[in-house]
Amino acid sequence: MTMISTVGGVQVGIATTSTVSGRGFTPEELAEHAVNEVISIGNNSHPVIQAQAEAFKEDIRAVVTNYLRQAVASHNTTLTNRFTDAGHPELVKLLEV
Amino acid sequence: MAISITTAMPTSFKVELMKGLHNFTGASNRFKMALFKATASGSGTFGAATTNYSQMGSDELPTATGYTQQGKLLTSVTPTADGTTAITTFSALTWTSSSFTTSGALIYDTGDSNSACAVLSFGGDQTVSSGDFQIQFPSAAAASAIIRIA
């Protein structure tokens, strides 16, 4: 008698949580989350491939961090204009880091 | 009693997949994530036997301080294959300017009468105070994706 079966399964992965209190996430923190989501390096990969992947991950992290910083700065420009247009230029000081 | 959450794929979801009731393509825009209260603040048991968002009941965080009941809409990534495994995931989700404590989450499908798709335990209470709370999903790969069929 021949038995035919398939092996597999429907599985759920592991989501992670991050919290910051008294402030929002920094560009560096969000960049870390982004590269971890985009680039996954398997433990069983060849060491040379792992090293290349880690180097690539660092490059991507730097680029994403830079653009996120620019996004924050650019948004602050928008907020500066809104505060000023609304007659509250003194609030602009709150945006200075 | 306390809330008991076990990370699991609801059995009902597996059946519903075979019935073709869930559409994870990016444009479907129908999946939501709702958050449970802190462990000691409720009494329900959630896991593989959870079938619907309605079962969260009073164990869902109340609408206040950054959280709105029924949770937030997830942005799904159109399913793909990684080797012989079918995978799908969602974009990271953030609750901003929030103050709450949560112990887990439920992903459910508003396009299928709020049926449960995944129960996620955070491994304990997670607290945010006047800050941001973010859920990150694992990378979309055969060994890690949040929802996968091997």
# chains A, B, ... in the order shown; residues from 1 in each chain; ligands from 1
>>> closest_atom_pairs(of="chain A", to="chain B", cutoff="6 Å", atoms="only C-alpha atoms", output="CSV")
residue,atom,partner,partner_atom,distance
A:Gly8,CA,B:Ala150,CA,4.7
A:Gly9,CA,B:Ala150,CA,5.2
A:Val10,CA,B:Ile149,CA,4.4
A:Gln11,CA,B:Arg148,CA,5.3
A:Val12,CA,B:Ile147,CA,4.8
A:Gly13,CA,B:Ile146,CA,3.9
A:Ala15,CA,B:Phe137,CA,4.7
A:Thr16,CA,B:Gln136,CA,5.2
A:Thr17,CA,B:Ile135,CA,4.6
A:Ser18,CA,B:Gln134,CA,5.2
A:Thr19,CA,B:Phe133,CA,4.6
A:Val20,CA,B:Gly131,CA,5.4
A:Ser21,CA,B:Gly131,CA,4.2
A:Gly22,CA,B:Ser130,CA,4.8
A:Arg23,CA,B:Gly131,CA,4.9
A:Gly24,CA,B:Asp132,CA,5.4
A:Glu37,CA,B:Ser139,CA,4.6
>>> write_last_selection(atoms="N, CA and C atoms", output="mmCIF file, in the first residue's frame")
data_model
loop_
_atom_site.group_PDB
_atom_site.id
_atom_site.type_symbol
_atom_site.label_atom_id
_atom_site.label_comp_id
_atom_site.auth_asym_id
_atom_site.auth_seq_id
_atom_site.Cartn_x
_atom_site.Cartn_y
_atom_site.Cartn_z
ATOM 1 N N GLY A 8 3.603 20.169 5.763
ATOM 2 C CA GLY A 8 3.695 21.621 5.728
ATOM 3 C C GLY A 8 2.896 22.187 6.867
ATOM 4 N N GLY A 9 2.571 23.421 6.778
ATOM 5 C CA GLY A 9 1.782 23.997 7.841
ATOM 6 C C GLY A 9 1.569 25.474 7.630
ATOM 7 N N VAL A 10 0.540 25.974 8.261
ATOM 8 C CA VAL A 10 0.288 27.410 8.266
ATOM 9 C C VAL A 10 0.841 27.922 9.574
ATOM 10 N N GLN A 11 1.769 28.875 9.485
ATOM 11 C CA GLN A 11 2.456 29.299 10.701
ATOM 12 C C GLN A 11 2.388 30.804 10.887
ATOM 13 N N VAL A 12 2.533 31.198 12.131
ATOM 14 C CA VAL A 12 2.555 32.620 12.453
ATOM 15 C C VAL A 12 3.944 32.977 12.962
ATOM 16 N N GLY A 13 4.466 34.137 12.504
ATOM 17 C CA GLY A 13 5.795 34.576 12.917
ATOM 18 C C GLY A 13 5.759 35.360 14.209
ATOM 19 N N ALA A 15 6.154 38.865 15.973
ATOM 20 C CA ALA A 15 6.216 40.318 15.847
ATOM 21 C C ALA A 15 6.927 40.879 17.077
ATOM 22 N N THR A 16 7.589 41.992 16.924
ATOM 23 C CA THR A 16 8.271 42.611 18.064
ATOM 24 C C THR A 16 7.676 43.987 18.328
ATOM 25 N N THR A 17 7.795 44.412 19.559
ATOM 26 C CA THR A 17 7.260 45.724 19.922
ATOM 27 C C THR A 17 8.380 46.636 20.381
ATOM 28 N N SER A 18 8.205 47.914 20.138
ATOM 29 C CA SER A 18 9.147 48.925 20.626
ATOM 30 C C SER A 18 8.347 50.069 21.209
ATOM 31 N N THR A 19 8.760 50.535 22.358
ATOM 32 C CA THR A 19 8.080 51.681 22.953
ATOM 33 C C THR A 19 9.098 52.723 23.380
ATOM 34 N N VAL A 20 8.713 53.965 23.241
ATOM 35 C CA VAL A 20 9.489 55.065 23.811
ATOM 36 C C VAL A 20 8.499 55.936 24.567
ATOM 37 N N SER A 21 8.867 56.359 25.739
ATOM 38 C CA SER A 21 7.971 57.173 26.553
ATOM 39 C C SER A 21 8.514 58.586 26.699
ATOM 40 N N GLY A 22 7.594 59.548 26.664
ATOM 41 C CA GLY A 22 7.960 60.943 26.831
ATOM 42 C C GLY A 22 8.530 61.575 25.578
ATOM 43 N N ARG A 23 8.526 60.832 24.482
ATOM 44 C CA ARG A 23 9.033 61.351 23.203
ATOM 45 C C ARG A 23 8.592 60.420 22.078
ATOM 46 N N GLY A 24 8.944 60.747 20.845
ATOM 47 C CA GLY A 24 8.694 59.848 19.731
ATOM 48 C C GLY A 24 9.969 59.115 19.359
ATOM 49 N N GLU A 37 13.564 44.985 9.087
ATOM 50 C CA GLU A 37 12.403 44.478 8.352
ATOM 51 C C GLU A 37 12.770 44.146 6.908
#
>>> residues_around(residues="Ser115 of chain B", least_positions_apart="3", cutoff="6 Å", atoms="only C-alpha atoms", output="ChimeraX atom specification")
/B:51-52,108-109,112
>>> write_last_selection(atoms="C-alpha atoms", output="compact mmCIF listing (two decimals), in the first residue's frame")
# COMPACT_ATOMS: atom_id res chain seq x y z
CA THR B 51 -12.26 32.99 15.91
CA ASN B 52 -13.39 36.62 15.78
CA TYR B 108 -8.48 40.35 12.04
CA ASP B 109 -10.13 40.68 8.65
CA ASP B 112 -14.67 38.71 6.36
>>> closest_residue(among="B:Ala81, B:Ile3, B:Phe31, B:Thr110", to="Gly57 of chain B", atoms="only C-alpha atoms")
B:Ile3
>>> residues_around(residues="Phe83 of chain A", least_positions_apart="6", cutoff="8 Å", atoms="only C-alpha atoms", output="ChimeraX atom specification")
/A:89,91-92
>>> atom_distance(atom1="atom CA of Glu16 of chain B", atom2="atom CA of Ala34 of chain B")
20.1 Å
>>> closest_residue(among="B:Ser58, B:Ser41, B:Thr6, B:Gln70", to="Thr102 of chain B", atoms="only C-alpha atoms")
B:Ser41
>>> atom_distance(atom1="atom CA of Glu96 of chain A", atom2="atom CA of Asn76 of chain A")
8.8 Å
>>> select_by_dssp(residues="segment 7-88 of chain A", states="helix (DSSP H, G or I)", output="JSON, numbers by chain")
{"A": [27, 28, 29, 30, 31, 32, 33, 34, 35, 36, 37, 38, 47, 48, 49, 50, 51, 52, 53, 54, 55, 56, 57, 58, 59, 60, 61, 62, 63, 64, 65, 66, 67, 68, 69, 70, 71, 72, 73, 74, 75, 76, 77, 78, 79, 80, 81, 82, 83, 84, 85]}
>>> write_last_selection(atoms="C-alpha atoms", output="PDB file, in the first residue's frame")
ATOM      1  CA  PRO A  27      15.523  58.624  13.043  1.00  0.00           C
ATOM      2  CA  GLU A  28      18.205  56.215  14.274  1.00  0.00           C
ATOM      3  CA  GLU A  29      15.655  54.006  16.057  1.00  0.00           C
ATOM      4  CA  LEU A  30      13.299  53.938  13.081  1.00  0.00           C
ATOM      5  CA  ALA A  31      16.162  53.220  10.697  1.00  0.00           C
ATOM      6  CA  GLU A  32      17.093  50.220  12.829  1.00  0.00           C
ATOM      7  CA  HIS A  33      13.513  48.937  12.610  1.00  0.00           C
ATOM      8  CA  ALA A  34      13.461  49.517   8.852  1.00  0.00           C
ATOM      9  CA  VAL A  35      16.658  47.641   8.034  1.00  0.00           C
ATOM     10  CA  ASN A  36      15.666  44.742  10.269  1.00  0.00           C
ATOM     11  CA  GLU A  37      12.403  44.478   8.352  1.00  0.00           C
ATOM     12  CA  VAL A  38      14.021  44.775   4.932  1.00  0.00           C
ATOM     13  CA  PRO A  47      30.260  33.446   6.592  1.00  0.00           C
ATOM     14  CA  VAL A  48      31.418  35.450   3.576  1.00  0.00           C
ATOM     15  CA  ILE A  49      27.850  35.998   2.462  1.00  0.00           C
ATOM     16  CA  GLN A  50      26.889  36.956   6.033  1.00  0.00           C
ATOM     17  CA  ALA A  51      29.701  39.514   6.154  1.00  0.00           C
ATOM     18  CA  GLN A  52      28.645  41.008   2.829  1.00  0.00           C
ATOM     19  CA  ALA A  53      25.041  41.151   3.966  1.00  0.00           C
ATOM     20  CA  GLU A  54      26.016  42.842   7.251  1.00  0.00           C
ATOM     21  CA  ALA A  55      28.064  45.434   5.352  1.00  0.00           C
ATOM     22  CA  PHE A  56      25.152  46.065   2.995  1.00  0.00           C
ATOM     23  CA  LYS A  57      22.818  46.377   5.985  1.00  0.00           C
ATOM     24  CA  GLU A  58      25.069  49.024   7.524  1.00  0.00           C
ATOM     25  CA  ASP A  59      25.117  50.980   4.265  1.00  0.00           C
ATOM     26  CA  ILE A  60      21.324  50.880   4.050  1.00  0.00           C
ATOM     27  CA  ARG A  61      21.014  51.875   7.720  1.00  0.00           C
ATOM     28  CA  ALA A  62      23.169  54.976   7.100  1.00  0.00           C
ATOM     29  CA  VAL A  63      21.171  55.997   4.040  1.00  0.00           C
ATOM     30  CA  VAL A  64      17.791  55.490   5.731  1.00  0.00           C
ATOM     31  CA  THR A  65      18.932  57.345   8.873  1.00  0.00           C
ATOM     32  CA  ASN A  66      20.105  60.281   6.800  1.00  0.00           C
ATOM     33  CA  TYR A  67      16.838  60.542   4.902  1.00  0.00           C
ATOM     34  CA  LEU A  68      14.775  60.218   8.076  1.00  0.00           C
ATOM     35  CA  ARG A  69      16.765  63.071   9.638  1.00  0.00           C
ATOM     36  CA  GLN A  70      16.081  65.137   6.540  1.00  0.00           C
ATOM     37  CA  ALA A  71      12.384  64.279   6.765  1.00  0.00           C
ATOM     38  CA  VAL A  72      12.268  65.521  10.370  1.00  0.00           C
ATOM     39  CA  ALA A  73      14.112  68.718   9.453  1.00  0.00           C
ATOM     40  CA  SER A  74      11.854  69.260   6.459  1.00  0.00           C
ATOM     41  CA  HIS A  75       8.726  68.690   8.529  1.00  0.00           C
ATOM     42  CA  ASN A  76      10.000  71.193  11.079  1.00  0.00           C
ATOM     43  CA  THR A  77      10.230  73.722   8.250  1.00  0.00           C
ATOM     44  CA  THR A  78       6.580  73.058   7.466  1.00  0.00           C
ATOM     45  CA  LEU A  79       5.635  73.425  11.139  1.00  0.00           C
ATOM     46  CA  THR A  80       7.669  76.636  11.404  1.00  0.00           C
ATOM     47  CA  ASN A  81       5.656  78.131   8.564  1.00  0.00           C
ATOM     48  CA  ARG A  82       2.369  76.977  10.091  1.00  0.00           C
ATOM     49  CA  PHE A  83       3.207  78.433  13.530  1.00  0.00           C
ATOM     50  CA  THR A  84       4.328  81.692  11.955  1.00  0.00           C
ATOM     51  CA  ASP A  85       1.283  81.925   9.687  1.00  0.00           C
TER      52      ASP A  85
END
>>> atom_distance(atom1="atom CA of Leu74 of chain B", atom2="atom CA of Ala40 of chain B")
27.0 Å
>>> decode(residues="segment 72-133 of chain B", atoms="C-alpha atoms", output="PDB file, in the first residue's frame")
ATOM      1  CA  LYS B  72      -5.598  50.377  13.316  1.00  0.00           C
ATOM      2  CA  LEU B  73      -5.682  49.359   9.681  1.00  0.00           C
ATOM      3  CA  LEU B  74      -2.707  47.283   8.582  1.00  0.00           C
ATOM      4  CA  THR B  75      -0.968  47.718   5.263  1.00  0.00           C
ATOM      5  CA  SER B  76      -0.542  44.224   3.901  1.00  0.00           C
ATOM      6  CA  VAL B  77       2.189  43.162   1.530  1.00  0.00           C
ATOM      7  CA  THR B  78       0.986  41.092  -1.392  1.00  0.00           C
ATOM      8  CA  PRO B  79       1.800  37.422  -0.770  1.00  0.00           C
ATOM      9  CA  THR B  80       4.846  35.991  -2.485  1.00  0.00           C
ATOM     10  CA  ALA B  81       6.838  32.755  -2.426  1.00  0.00           C
ATOM     11  CA  ASP B  82      10.186  32.272  -0.728  1.00  0.00           C
ATOM     12  CA  GLY B  83      11.396  28.924  -1.946  1.00  0.00           C
ATOM     13  CA  THR B  84       8.480  26.576  -1.418  1.00  0.00           C
ATOM     14  CA  THR B  85       6.860  28.684   1.312  1.00  0.00           C
ATOM     15  CA  ALA B  86       4.105  31.205   0.672  1.00  0.00           C
ATOM     16  CA  ILE B  87       4.544  34.317   2.795  1.00  0.00           C
ATOM     17  CA  THR B  88       2.845  37.588   3.522  1.00  0.00           C
ATOM     18  CA  THR B  89       3.500  40.378   5.980  1.00  0.00           C
ATOM     19  CA  PHE B  90       2.389  43.852   7.005  1.00  0.00           C
ATOM     20  CA  SER B  91       4.081  47.226   7.318  1.00  0.00           C
ATOM     21  CA  ALA B  92       5.092  48.316  10.810  1.00  0.00           C
ATOM     22  CA  LEU B  93       2.274  49.937  12.767  1.00  0.00           C
ATOM     23  CA  THR B  94       2.676  52.811  15.245  1.00  0.00           C
ATOM     24  CA  TRP B  95       0.390  54.302  17.876  1.00  0.00           C
ATOM     25  CA  THR B  96       1.698  57.825  18.469  1.00  0.00           C
ATOM     26  CA  SER B  97       1.272  60.133  21.471  1.00  0.00           C
ATOM     27  CA  SER B  98       0.004  57.221  23.513  1.00  0.00           C
ATOM     28  CA  SER B  99      -0.226  56.142  27.125  1.00  0.00           C
ATOM     29  CA  PHE B 100      -1.361  52.572  27.730  1.00  0.00           C
ATOM     30  CA  THR B 101      -0.284  49.095  28.724  1.00  0.00           C
ATOM     31  CA  THR B 102      -0.959  46.175  26.407  1.00  0.00           C
ATOM     32  CA  SER B 103      -0.158  42.471  26.498  1.00  0.00           C
ATOM     33  CA  GLY B 104      -0.920  41.350  22.955  1.00  0.00           C
ATOM     34  CA  ALA B 105      -2.703  41.946  19.692  1.00  0.00           C
ATOM     35  CA  LEU B 106      -5.251  40.425  17.379  1.00  0.00           C
ATOM     36  CA  ILE B 107      -5.059  40.676  13.606  1.00  0.00           C
ATOM     37  CA  TYR B 108      -8.477  40.351  12.041  1.00  0.00           C
ATOM     38  CA  ASP B 109     -10.129  40.680   8.646  1.00  0.00           C
ATOM     39  CA  THR B 110     -12.779  43.385   8.327  1.00  0.00           C
ATOM     40  CA  GLY B 111     -13.552  42.016   4.871  1.00  0.00           C
ATOM     41  CA  ASP B 112     -14.668  38.707   6.361  1.00  0.00           C
ATOM     42  CA  SER B 113     -16.925  39.686   9.257  1.00  0.00           C
ATOM     43  CA  ASN B 114     -13.949  40.514  11.525  1.00  0.00           C
ATOM     44  CA  SER B 115     -12.683  36.933  11.579  1.00  0.00           C
ATOM     45  CA  ALA B 116      -9.432  36.374  13.469  1.00  0.00           C
ATOM     46  CA  CYS B 117      -6.222  35.834  11.473  1.00  0.00           C
ATOM     47  CA  ALA B 118      -3.474  35.830  14.100  1.00  0.00           C
ATOM     48  CA  VAL B 119      -3.179  36.130  17.854  1.00  0.00           C
ATOM     49  CA  LEU B 120       0.054  37.731  19.050  1.00  0.00           C
ATOM     50  CA  SER B 121       1.377  37.657  22.584  1.00  0.00           C
ATOM     51  CA  PHE B 122       3.915  40.311  23.501  1.00  0.00           C
ATOM     52  CA  GLY B 123       5.430  38.017  26.120  1.00  0.00           C
ATOM     53  CA  GLY B 124       4.283  40.297  28.913  1.00  0.00           C
ATOM     54  CA  ASP B 125       2.891  43.766  29.432  1.00  0.00           C
ATOM     55  CA  GLN B 126       4.281  46.545  27.245  1.00  0.00           C
ATOM     56  CA  THR B 127       3.802  50.074  28.555  1.00  0.00           C
ATOM     57  CA  VAL B 128       4.058  53.356  26.727  1.00  0.00           C
ATOM     58  CA  SER B 129       3.698  56.719  28.462  1.00  0.00           C
ATOM     59  CA  SER B 130       3.261  59.889  26.408  1.00  0.00           C
ATOM     60  CA  GLY B 131       5.219  58.287  23.616  1.00  0.00           C
ATOM     61  CA  ASP B 132       5.075  55.965  20.636  1.00  0.00           C
ATOM     62  CA  PHE B 133       4.250  52.264  20.547  1.00  0.00           C
TER      63      PHE B 133
END
